[in-house]
file protein20.cif (mmCIF, C-alpha atoms and all ligand atoms)
data_final
loop_
_atom_site.label_atom_id
_atom_site.label_comp_id
_atom_site.auth_asym_id
_atom_site.auth_seq_id
_atom_site.Cartn_x
_atom_site.Cartn_y
_atom_site.Cartn_z
CA MET A 1 -26.86 32.96 17.83
CA THR A 2 -28.36 35.28 20.43
CA VAL A 3 -30.78 33.96 23.03
CA SER A 4 -33.01 36.19 25.16
CA SER A 5 -35.79 35.40 27.57
CA ALA A 6 -38.59 37.45 29.11
CA PRO A 7 -41.11 36.67 31.85
CA GLY A 8 -44.88 36.40 31.83
CA LYS A 9 -46.97 38.32 34.36
CA VAL A 10 -49.97 38.26 36.64
CA TYR A 11 -52.15 41.20 37.56
CA LEU A 12 -51.93 41.71 41.30
CA PHE A 13 -54.66 44.33 40.80
CA GLY A 14 -56.37 46.42 38.18
CA GLU A 15 -57.08 44.61 34.90
CA HIS A 16 -60.02 46.01 32.92
CA ALA A 17 -60.10 49.20 35.01
CA VAL A 18 -56.70 50.06 33.45
CA VAL A 19 -58.49 50.40 30.10
CA TYR A 20 -60.37 53.45 31.53
CA GLY A 21 -57.32 55.24 32.91
CA GLU A 22 -57.23 53.64 36.35
CA PRO A 23 -53.84 52.37 37.54
CA ALA A 24 -52.98 48.66 37.49
CA VAL A 25 -50.20 46.65 39.14
CA PRO A 26 -48.97 43.72 37.07
CA CYS A 27 -46.11 41.61 38.44
CA ALA A 28 -43.64 39.59 36.36
CA VAL A 29 -43.51 35.90 37.28
CA GLU A 30 -40.84 33.27 36.82
CA ARG A 31 -42.34 31.63 33.76
CA ARG A 32 -40.43 32.69 30.70
CA ALA A 33 -40.47 32.71 26.94
CA THR A 34 -37.07 32.11 25.37
CA VAL A 35 -36.29 33.23 21.84
CA SER A 36 -33.12 32.22 19.96
CA VAL A 37 -32.19 34.25 16.90
CA SER A 38 -29.47 33.69 14.26
CA LEU A 39 -28.87 36.08 11.40
CA ARG A 40 -29.33 34.56 7.94
CA ASP A 41 -27.51 35.60 4.81
CA ASP A 42 -30.79 36.23 2.96
CA ASP A 43 -33.95 38.16 3.92
CA HIS A 44 -36.03 35.13 4.94
CA VAL A 45 -37.40 34.54 8.39
CA ARG A 46 -37.68 30.95 9.51
CA VAL A 47 -39.43 30.25 12.77
CA ARG A 48 -39.47 27.15 14.90
CA ALA A 49 -41.60 27.14 17.99
CA GLU A 50 -41.98 24.47 20.60
CA ASP A 51 -44.10 24.18 23.71
CA LEU A 52 -46.30 27.06 22.60
CA SER A 53 -49.50 25.17 22.16
CA LEU A 54 -49.92 22.08 20.03
CA ASN A 55 -46.27 21.02 20.30
CA GLY A 56 -44.77 23.68 18.09
CA PHE A 57 -44.43 24.59 14.49
CA THR A 58 -41.84 25.11 11.84
CA VAL A 59 -42.48 27.45 9.00
CA GLU A 60 -40.45 29.51 6.63
CA TYR A 61 -41.60 32.72 5.15
CA SER A 62 -40.19 35.76 3.53
CA GLY A 63 -41.08 39.35 4.23
CA SER A 64 -44.34 39.39 6.08
CA THR A 65 -47.22 37.17 7.16
CA GLY A 66 -49.02 38.36 4.03
CA GLY A 67 -47.40 35.44 2.24
CA ARG A 68 -48.78 32.86 4.62
CA PRO A 69 -46.59 29.80 4.98
CA ASP A 70 -47.81 26.66 3.29
CA VAL A 71 -48.48 24.37 6.23
CA ASP A 72 -51.40 22.11 6.97
CA VAL A 73 -52.79 23.81 10.07
CA PRO A 74 -55.67 26.16 10.86
CA ALA A 75 -55.03 29.63 9.46
CA PRO A 76 -55.86 31.58 12.63
CA LEU A 77 -53.22 29.68 14.60
CA VAL A 78 -50.50 30.37 12.06
CA GLU A 79 -51.56 33.96 11.64
CA ALA A 80 -51.72 34.63 15.37
CA ALA A 81 -48.32 33.09 15.97
CA MET A 82 -46.67 34.58 12.92
CA GLY A 83 -48.26 37.97 13.52
CA TYR A 84 -46.42 38.46 16.81
CA ILE A 85 -43.11 37.14 15.52
CA ASP A 86 -43.42 39.17 12.34
CA ALA A 87 -44.15 42.36 14.28
CA ALA A 88 -41.16 41.69 16.57
CA VAL A 89 -38.91 41.13 13.53
CA GLU A 90 -40.11 44.39 11.97
CA GLN A 91 -39.34 46.29 15.18
CA ALA A 92 -35.85 44.77 15.36
CA ARG A 93 -35.12 45.56 11.71
CA ASP A 94 -36.31 49.11 12.23
CA ALA A 95 -34.32 49.60 15.46
CA ALA A 96 -31.13 48.38 13.79
CA GLY A 97 -31.79 50.13 10.48
CA VAL A 98 -31.46 46.84 8.57
CA PRO A 99 -34.84 46.50 6.82
CA ASP A 100 -34.01 43.31 4.95
CA ALA A 101 -32.33 41.32 7.73
CA GLY A 102 -33.29 37.64 7.71
CA PHE A 103 -33.36 35.42 10.77
CA ASP A 104 -33.70 31.86 11.97
CA ILE A 105 -35.84 32.08 15.09
CA SER A 106 -36.66 29.47 17.66
CA VAL A 107 -39.23 30.06 20.39
CA GLU A 108 -39.81 28.12 23.57
CA SER A 109 -42.23 29.14 26.27
CA ASP A 110 -43.49 27.72 29.53
CA ILE A 111 -46.22 30.38 29.81
CA PRO A 112 -49.76 29.10 29.12
CA LEU A 113 -51.17 30.80 26.03
CA GLY A 114 -53.85 33.45 25.99
CA ALA A 115 -54.56 32.72 29.63
CA GLY A 116 -53.86 36.09 31.24
CA LEU A 117 -50.15 35.48 31.81
CA GLY A 118 -48.77 37.67 29.03
CA SER A 119 -47.38 34.92 26.81
CA SER A 120 -47.43 36.92 23.59
CA ALA A 121 -45.82 39.95 25.24
CA ALA A 122 -42.99 37.78 26.59
CA VAL A 123 -42.34 36.30 23.12
CA VAL A 124 -42.35 39.74 21.50
CA VAL A 125 -40.09 41.30 24.18
CA ALA A 126 -37.55 38.44 24.07
CA GLY A 127 -37.74 38.36 20.24
CA ILE A 128 -36.99 42.06 19.83
CA ASP A 129 -34.11 41.86 22.31
CA ALA A 130 -32.50 38.81 20.68
CA ALA A 131 -32.97 40.05 17.10
CA THR A 132 -31.61 43.55 17.75
CA ARG A 133 -28.59 42.15 19.62
CA GLU A 134 -27.99 39.75 16.74
CA LEU A 135 -27.83 42.88 14.54
CA GLY A 136 -25.31 44.47 16.93
CA VAL A 137 -27.74 46.89 18.59
CA GLU A 138 -28.48 46.91 22.30
CA LEU A 139 -31.76 48.53 23.34
CA SER A 140 -32.60 49.44 26.92
CA PRO A 141 -35.45 47.45 28.53
CA ARG A 142 -37.60 50.59 28.29
CA GLU A 143 -36.94 50.88 24.55
CA ILE A 144 -37.75 47.21 24.14
CA ALA A 145 -40.97 47.72 26.13
CA ASP A 146 -41.95 50.58 23.80
CA ARG A 147 -41.23 48.65 20.65
CA ALA A 148 -42.95 45.53 22.00
CA TYR A 149 -46.00 47.65 22.78
CA GLN A 150 -46.02 48.98 19.19
CA ALA A 151 -45.78 45.39 17.93
CA GLU A 152 -48.67 44.17 20.11
CA TYR A 153 -50.73 47.24 19.31
CA GLU A 154 -50.42 46.46 15.61
CA VAL A 155 -51.21 42.77 15.94
CA GLN A 156 -54.13 43.36 18.33
CA ASP A 157 -55.64 46.19 16.30
CA GLY A 158 -55.05 48.84 18.93
CA GLN A 159 -56.48 46.72 21.78
CA ALA A 160 -53.22 46.38 23.72
CA SER A 161 -52.43 48.16 26.96
CA ARG A 162 -48.81 48.77 27.90
CA ALA A 163 -49.09 46.55 30.97
CA ASP A 164 -47.92 43.19 29.59
CA THR A 165 -45.04 44.42 27.47
CA PHE A 166 -43.72 46.90 30.06
CA CYS A 167 -43.90 44.34 32.86
CA SER A 168 -42.21 41.64 30.77
CA ALA A 169 -39.38 43.94 29.66
CA MET A 170 -38.71 45.50 33.08
CA GLY A 171 -39.47 42.60 35.45
CA GLY A 172 -40.62 42.91 39.06
CA ALA A 173 -43.77 44.78 40.00
CA VAL A 174 -44.84 47.68 37.82
CA ARG A 175 -47.51 50.35 37.83
CA VAL A 176 -49.27 51.30 34.64
CA GLU A 177 -51.65 54.22 34.30
CA GLY A 178 -52.34 55.14 30.69
CA ASP A 179 -48.96 55.78 29.06
CA ASP A 180 -47.31 56.33 32.44
CA CYS A 181 -45.38 53.14 33.23
CA ARG A 182 -43.06 52.75 36.22
CA THR A 183 -41.38 50.00 38.15
CA ILE A 184 -42.29 49.83 41.84
CA ASP A 185 -40.65 48.07 44.77
CA ALA A 186 -42.28 44.90 46.01
CA PRO A 187 -41.18 42.03 48.22
CA ALA A 188 -41.01 38.49 46.78
CA LEU A 189 -44.72 37.72 46.71
CA PRO A 190 -45.61 34.01 46.89
CA PHE A 191 -47.80 33.63 43.82
CA VAL A 192 -49.61 30.41 43.04
CA ILE A 193 -51.30 30.14 39.66
CA GLY A 194 -54.22 27.93 38.70
CA PHE A 195 -54.94 27.34 35.02
CA ASP A 196 -58.22 25.94 33.68
CA GLY A 197 -56.68 25.02 30.33
CA GLY A 198 -58.76 27.61 28.50
CA ALA A 199 -58.59 31.20 27.39
CA GLY A 200 -60.98 34.12 27.35
CA ASP A 201 -61.80 36.34 24.37
CA THR A 202 -60.12 39.57 25.50
CA GLY A 203 -61.84 41.76 22.90
CA ALA A 204 -65.33 40.51 23.80
CA LEU A 205 -64.66 40.77 27.54
CA VAL A 206 -63.33 44.33 27.25
CA SER A 207 -66.38 45.30 25.16
CA GLY A 208 -68.72 43.75 27.72
CA VAL A 209 -67.25 45.85 30.51
CA ARG A 210 -67.33 48.96 28.31
CA GLU A 211 -71.07 48.48 27.63
CA LEU A 212 -71.90 47.91 31.29
CA ARG A 213 -69.89 50.95 32.29
CA GLU A 214 -71.62 53.17 29.74
CA ARG A 215 -75.05 51.87 30.65
CA TYR A 216 -75.01 51.87 34.43
CA ASP A 217 -73.51 54.36 36.87
CA PHE A 218 -72.98 51.57 39.36
CA ALA A 219 -70.87 49.68 36.81
CA ALA A 220 -68.80 52.84 36.21
CA ASP A 221 -68.45 53.12 40.00
CA THR A 222 -67.35 49.49 40.14
CA VAL A 223 -64.56 50.25 37.66
CA SER A 224 -63.39 53.27 39.64
CA THR A 225 -63.59 51.28 42.87
CA ILE A 226 -61.11 48.84 41.32
CA GLY A 227 -58.86 51.89 40.85
CA ASP A 228 -59.26 52.69 44.57
CA ILE A 229 -58.21 49.15 45.48
CA VAL A 230 -55.13 49.47 43.27
CA ARG A 231 -54.12 52.73 44.95
CA ARG A 232 -54.52 51.22 48.42
CA GLY A 233 -52.64 48.11 47.31
CA GLU A 234 -49.79 50.27 46.03
CA GLU A 235 -49.55 51.98 49.42
CA LEU A 236 -49.15 48.59 51.10
CA LEU A 237 -46.35 47.65 48.71
CA ALA A 238 -44.65 51.02 49.16
CA ASP A 239 -44.59 50.55 52.96
CA ALA A 240 -43.12 47.04 52.74
CA ASP A 241 -39.40 46.27 52.75
CA PRO A 242 -38.67 44.86 49.27
CA ASP A 243 -35.58 43.02 50.56
CA GLU A 244 -37.41 41.12 53.29
CA GLU A 245 -39.82 38.23 53.02
CA PRO A 246 -43.35 39.66 53.01
CA THR A 247 -44.94 39.60 56.46
CA GLU A 248 -48.13 37.65 57.22
CA GLU A 249 -49.81 40.98 57.88
CA LEU A 250 -48.89 42.34 54.44
CA LEU A 251 -49.97 39.12 52.68
CA SER A 252 -53.22 39.07 54.54
CA GLU A 253 -54.06 42.68 53.66
CA LEU A 254 -52.97 42.32 50.01
CA GLY A 255 -54.94 39.07 49.81
CA GLY A 256 -58.05 40.79 51.13
CA PHE A 257 -57.70 43.43 48.41
CA MET A 258 -57.26 40.71 45.78
CA ASN A 259 -60.47 39.07 46.97
CA PHE A 260 -62.25 42.40 46.76
CA ASN A 261 -60.84 43.01 43.27
CA HIS A 262 -62.02 39.57 42.13
CA GLY A 263 -65.51 40.22 43.47
CA LEU A 264 -65.74 43.41 41.44
CA LEU A 265 -64.43 41.71 38.29
CA GLU A 266 -67.02 39.01 38.85
CA ALA A 267 -69.70 41.69 39.14
CA LEU A 268 -68.50 43.13 35.84
CA GLY A 269 -69.13 39.76 34.23
CA VAL A 270 -65.57 38.73 33.37
CA SER A 271 -65.15 35.72 35.67
CA SER A 272 -66.30 32.21 34.86
CA ARG A 273 -67.35 29.08 36.71
CA SER A 274 -63.90 27.52 36.45
CA LEU A 275 -62.13 30.73 37.51
CA ASP A 276 -64.48 31.10 40.49
CA SER A 277 -63.96 27.42 41.46
CA MET A 278 -60.21 27.88 41.42
CA VAL A 279 -60.43 31.14 43.38
CA TRP A 280 -62.51 29.42 46.05
CA ALA A 281 -60.31 26.32 46.10
CA ALA A 282 -57.26 28.48 46.77
CA ARG A 283 -59.02 30.47 49.48
CA GLU A 284 -60.34 27.32 51.16
CA ALA A 285 -56.84 25.86 51.07
CA GLY A 286 -55.65 28.83 53.09
CA ALA A 287 -54.47 31.35 50.49
CA HIS A 288 -54.40 34.94 51.76
CA GLY A 289 -56.39 35.95 48.70
CA ALA A 290 -57.13 34.92 45.12
CA LYS A 291 -58.42 36.53 41.95
CA LEU A 292 -58.60 35.98 38.24
CA THR A 293 -55.72 37.49 36.29
CA GLY A 294 -55.95 39.18 32.89
CA ALA A 295 -59.02 39.50 30.75
CA GLY A 296 -60.90 36.63 32.44
CA GLY A 297 -63.59 34.44 30.89
CA GLY A 298 -61.23 31.48 31.41
CA GLY A 299 -57.50 31.03 31.82
CA CYS A 300 -55.67 31.70 35.06
CA ILE A 301 -56.20 32.76 38.63
CA VAL A 302 -53.49 34.00 40.96
CA ALA A 303 -53.42 33.32 44.69
CA LEU A 304 -51.08 34.49 47.43
CA ASP A 305 -49.85 31.57 49.50
CA PRO A 306 -46.36 30.90 50.88
CA THR A 307 -47.38 27.32 51.80
CA PRO A 308 -47.91 24.39 49.38
CA GLU A 309 -51.59 24.16 50.36
CA SER A 310 -53.20 26.25 47.60
CA GLN A 311 -51.29 24.46 44.89
CA THR A 312 -52.35 21.10 46.29
CA GLY A 313 -55.96 22.26 46.68
CA LEU A 314 -56.03 23.55 43.12
CA ARG A 315 -54.63 20.30 41.74
CA PHE A 316 -57.68 18.50 43.15
CA THR A 317 -60.14 21.08 41.87
CA PRO A 318 -62.35 20.00 38.97
CA GLY A 319 -61.73 22.34 36.07
CA CYS A 320 -58.16 23.14 37.13
CA GLU A 321 -55.72 21.70 34.56
CA ASP A 322 -52.51 22.90 36.08
CA ALA A 323 -51.37 24.62 39.25
CA PHE A 324 -47.91 25.96 39.83
CA ARG A 325 -45.92 28.31 41.98
CA ALA A 326 -44.47 31.34 40.22
CA GLU A 327 -42.32 33.69 42.24
CA LEU A 328 -42.04 37.35 41.35
CA ALA A 329 -39.50 37.58 38.51
CA ILE A 330 -37.06 40.29 39.53
CA GLU A 331 -35.39 40.29 36.13
CA GLY A 332 -37.26 41.28 33.01
CA VAL A 333 -35.79 40.65 29.59
CA ARG A 334 -32.31 39.13 29.76
CA VAL A 335 -29.70 37.44 27.61
CA GLU A 336 -29.33 33.68 28.06
CA GLU A 337 -26.44 31.39 27.24
CA PRO A 338 -26.93 29.83 23.81
CA PRO A 339 -27.33 26.05 24.12
CA ALA A 340 -24.32 23.89 23.34
CA THR A 341 -24.65 23.09 19.64
CA ASP A 342 -25.27 19.45 18.83
CA GLY A 343 -26.13 19.86 15.17
CA ASP A 344 -29.82 20.41 15.93
CA GLU A 345 -29.89 24.16 15.74
CA PRO A 346 -33.04 25.89 14.55
CA THR A 347 -31.24 26.68 11.31
CA THR A 348 -31.57 23.08 10.19
CA ASP A 349 -34.47 22.22 7.93
CA GLY A 350 -36.82 19.30 7.80
CA ASP A 351 -38.72 19.30 11.06
CA ASP A 352 -42.36 19.29 10.09
CA THR A 353 -43.89 19.70 13.51
CA LEU A 354 -47.34 21.06 14.30
CA VAL A 355 -48.37 24.65 14.47
CA GLY A 356 -48.49 26.49 17.78
CA ASP A 357 -50.37 29.58 18.74
CA SER A 358 -48.68 32.61 20.23
CA THR A 359 -51.62 34.76 21.27
O1 LIG B 401 -55.46 38.73 29.43
P1 LIG B 401 -54.37 39.75 29.29
O2 LIG B 401 -53.12 39.40 30.03
O3 LIG B 401 -54.10 40.13 27.86
O4 LIG B 401 -54.87 41.07 30.02
C1 LIG B 401 -55.94 41.84 29.55
C2 LIG B 401 -56.06 43.00 30.47
C3 LIG B 401 -57.18 43.99 30.16
O5 LIG B 401 -57.07 45.01 31.15
C4 LIG B 401 -58.54 43.35 30.26
C5 LIG B 401 -57.02 44.60 28.78
C6 LIG B 401 -55.78 45.45 28.63
O6 LIG B 401 -55.32 45.59 27.47
O7 LIG B 401 -55.30 46.04 29.60
#
call {"tool": "encode", "arguments": {"input": "protein20.cif", "output": "structure tokens"}}
result
Amino acid sequence: MTVSSAPGKVYLFGEHAVVYGEPAVPCAVERRATVSVSLRDDDHVRVRAEDLSLNGFTVEYSGSTGGRPDVDVPAPLVEAAMGYIDAAVEQARDAAGVPDAGFDISVESDIPLGAGLGSSAAVVVAGIDAATRELGVELSPREIADRAYQAEYEVQDGQASRADTFCSAMGGAVRVEGDDCRTIDAPALPFVIGFDGGAGDTGALVSGVRELRERYDFAADTVSTIGDIVRRGEELLADADPDEEPTEELLSELGGFMNFNHGLLEALGVSSRSLDSMVWAAREAGAHGAKLTGAGGGGCIVALDPTPESQTGLRFTPGCEDAFRAELAIEGVRVEEPPATDGDEPTTDGDDTLVGDST
């Protein structure tokens, strides 16, 4: 068995604007998806997932998601979950040149789903790494990022940017501008995440911004102003010592930029009442800054606060379901120790748990 894990991410700056060629700075955070893969002696793929959404699911299928597994759960959930795993499996088979390799796969994740934290990218990145290693092939994190992007691109009908998959594979802070993806130095930023328990519709939100931008010059200016904030934010990070704790001055300036970025995203119509409440709760609790992260519409906010105050404030905020600290994840995709076997490996049959969702 090979076990790999990969982190989720927050956008420090730049979501939505990145779709129009502006730079963005996503940062990997210490919430990980872990994928365990064992090679089978046939060409079937059996997947067990826990903690993804509604407890987890166990399904067996052969070939592709075309032959949908026979389980009593809503089709979109199975298809969404299986689509990502299937695409990761295809990438691994292709990378290793073993088109009919079969696998037992087990997925665990502590990244909220579809909430702007890159849960699907982390599953795909960890899945490709574990499955290729199981086939005796070791890809570089950059190769994994590329293949994970292809996988997401396929599943999301061309709507994926490289941000999530690159950040998850490489770890740390990264800069994405079109196809140009790089890692950048950043100190250990004290992220606090608030989650409203929901998720936004990325496709609809991206379309909404596109329409506004095409219709109004001031909306187009708003998008390019987000790009300006990203560039200034990058300068701050470049001037900081990545090996030292971030100074109050740096946090305060970065936080101010995050607040500005959130205001512009709000103007572009991608915030929501619960996201705004959480942003304000964090600010009032003393965070240096706070903004929504990802597509918006619901899901997560990210605040900068080295103290416990924002997390406490968020926990008492109506509409906030969960609040947690998530330090910058220095490591991207990595190999984990397989668990000690106690006879309950994912290869065993008979666990008819619920279906989860891996969007
Ligand atoms: O919600 P997420 O993490 O999938 O982020 C979406 C970010 C957008 O910029 C809105 C779209 C994209 O593909 O970059």
call {"tool": "axis_aligned_box", "arguments": {"input": "protein20.cif", "around": "ligand LIG 401 (chain B)", "padding_each_side": "5 Å", "output": "JSON"}}
result
{"center_x": -55.8, "center_y": 42.4, "center_z": 29.3, "size_x": 15.4, "size_y": 17.3, "size_z": 13.7}
call {"tool": "closest_residue", "arguments": {"input": "protein20.cif", "among": "A:Gly289, A:Arg93, A:Gly194, A:Ala126", "to": "Asp43 in chain A", "atoms": "only C-alpha atoms"}}
result
A:Arg93
call {"tool": "residues_near_ligand", "arguments": {"input": "protein20.cif", "ligand": "ligand LIG 401 (chain B)", "cutoff": "8 Å", "atoms": "only C-alpha atoms and all ligand atoms", "output": "list in words"}}
result
Lys9, Val10, Tyr11, Gly14, Glu15, His16, Ala17, Val18, Val19, Gly114, Ala115, Gly116, Leu117, Gly118, Ser119, Gln159, Ala160, Ser161, Arg162, Ala163, Asp164, Gly200, Thr202, Leu205, Val206, Thr293, Gly294, Ala295 and Gly296 of chain A
call {"tool": "closest_residue", "arguments": {"input": "protein20.cif", "among": "A:Val209, A:Met278, A:Ala199, A:Val230", "to": "Thr317 in chain A", "atoms": "all atoms listed in the file"}}
result
A:Met278
call {"tool": "residues_around", "arguments": {"input": "protein20.cif", "residues": "Ile301 in chain A", "least_positions_apart": "4", "cutoff": "7 Å", "atoms": "all atoms listed in the file", "output": "list in words"}}
result
Ile193, Gly194, Phe195, Leu275, Met278, Val279, Ala290, Lys291, Leu292 and Thr293 of chain A
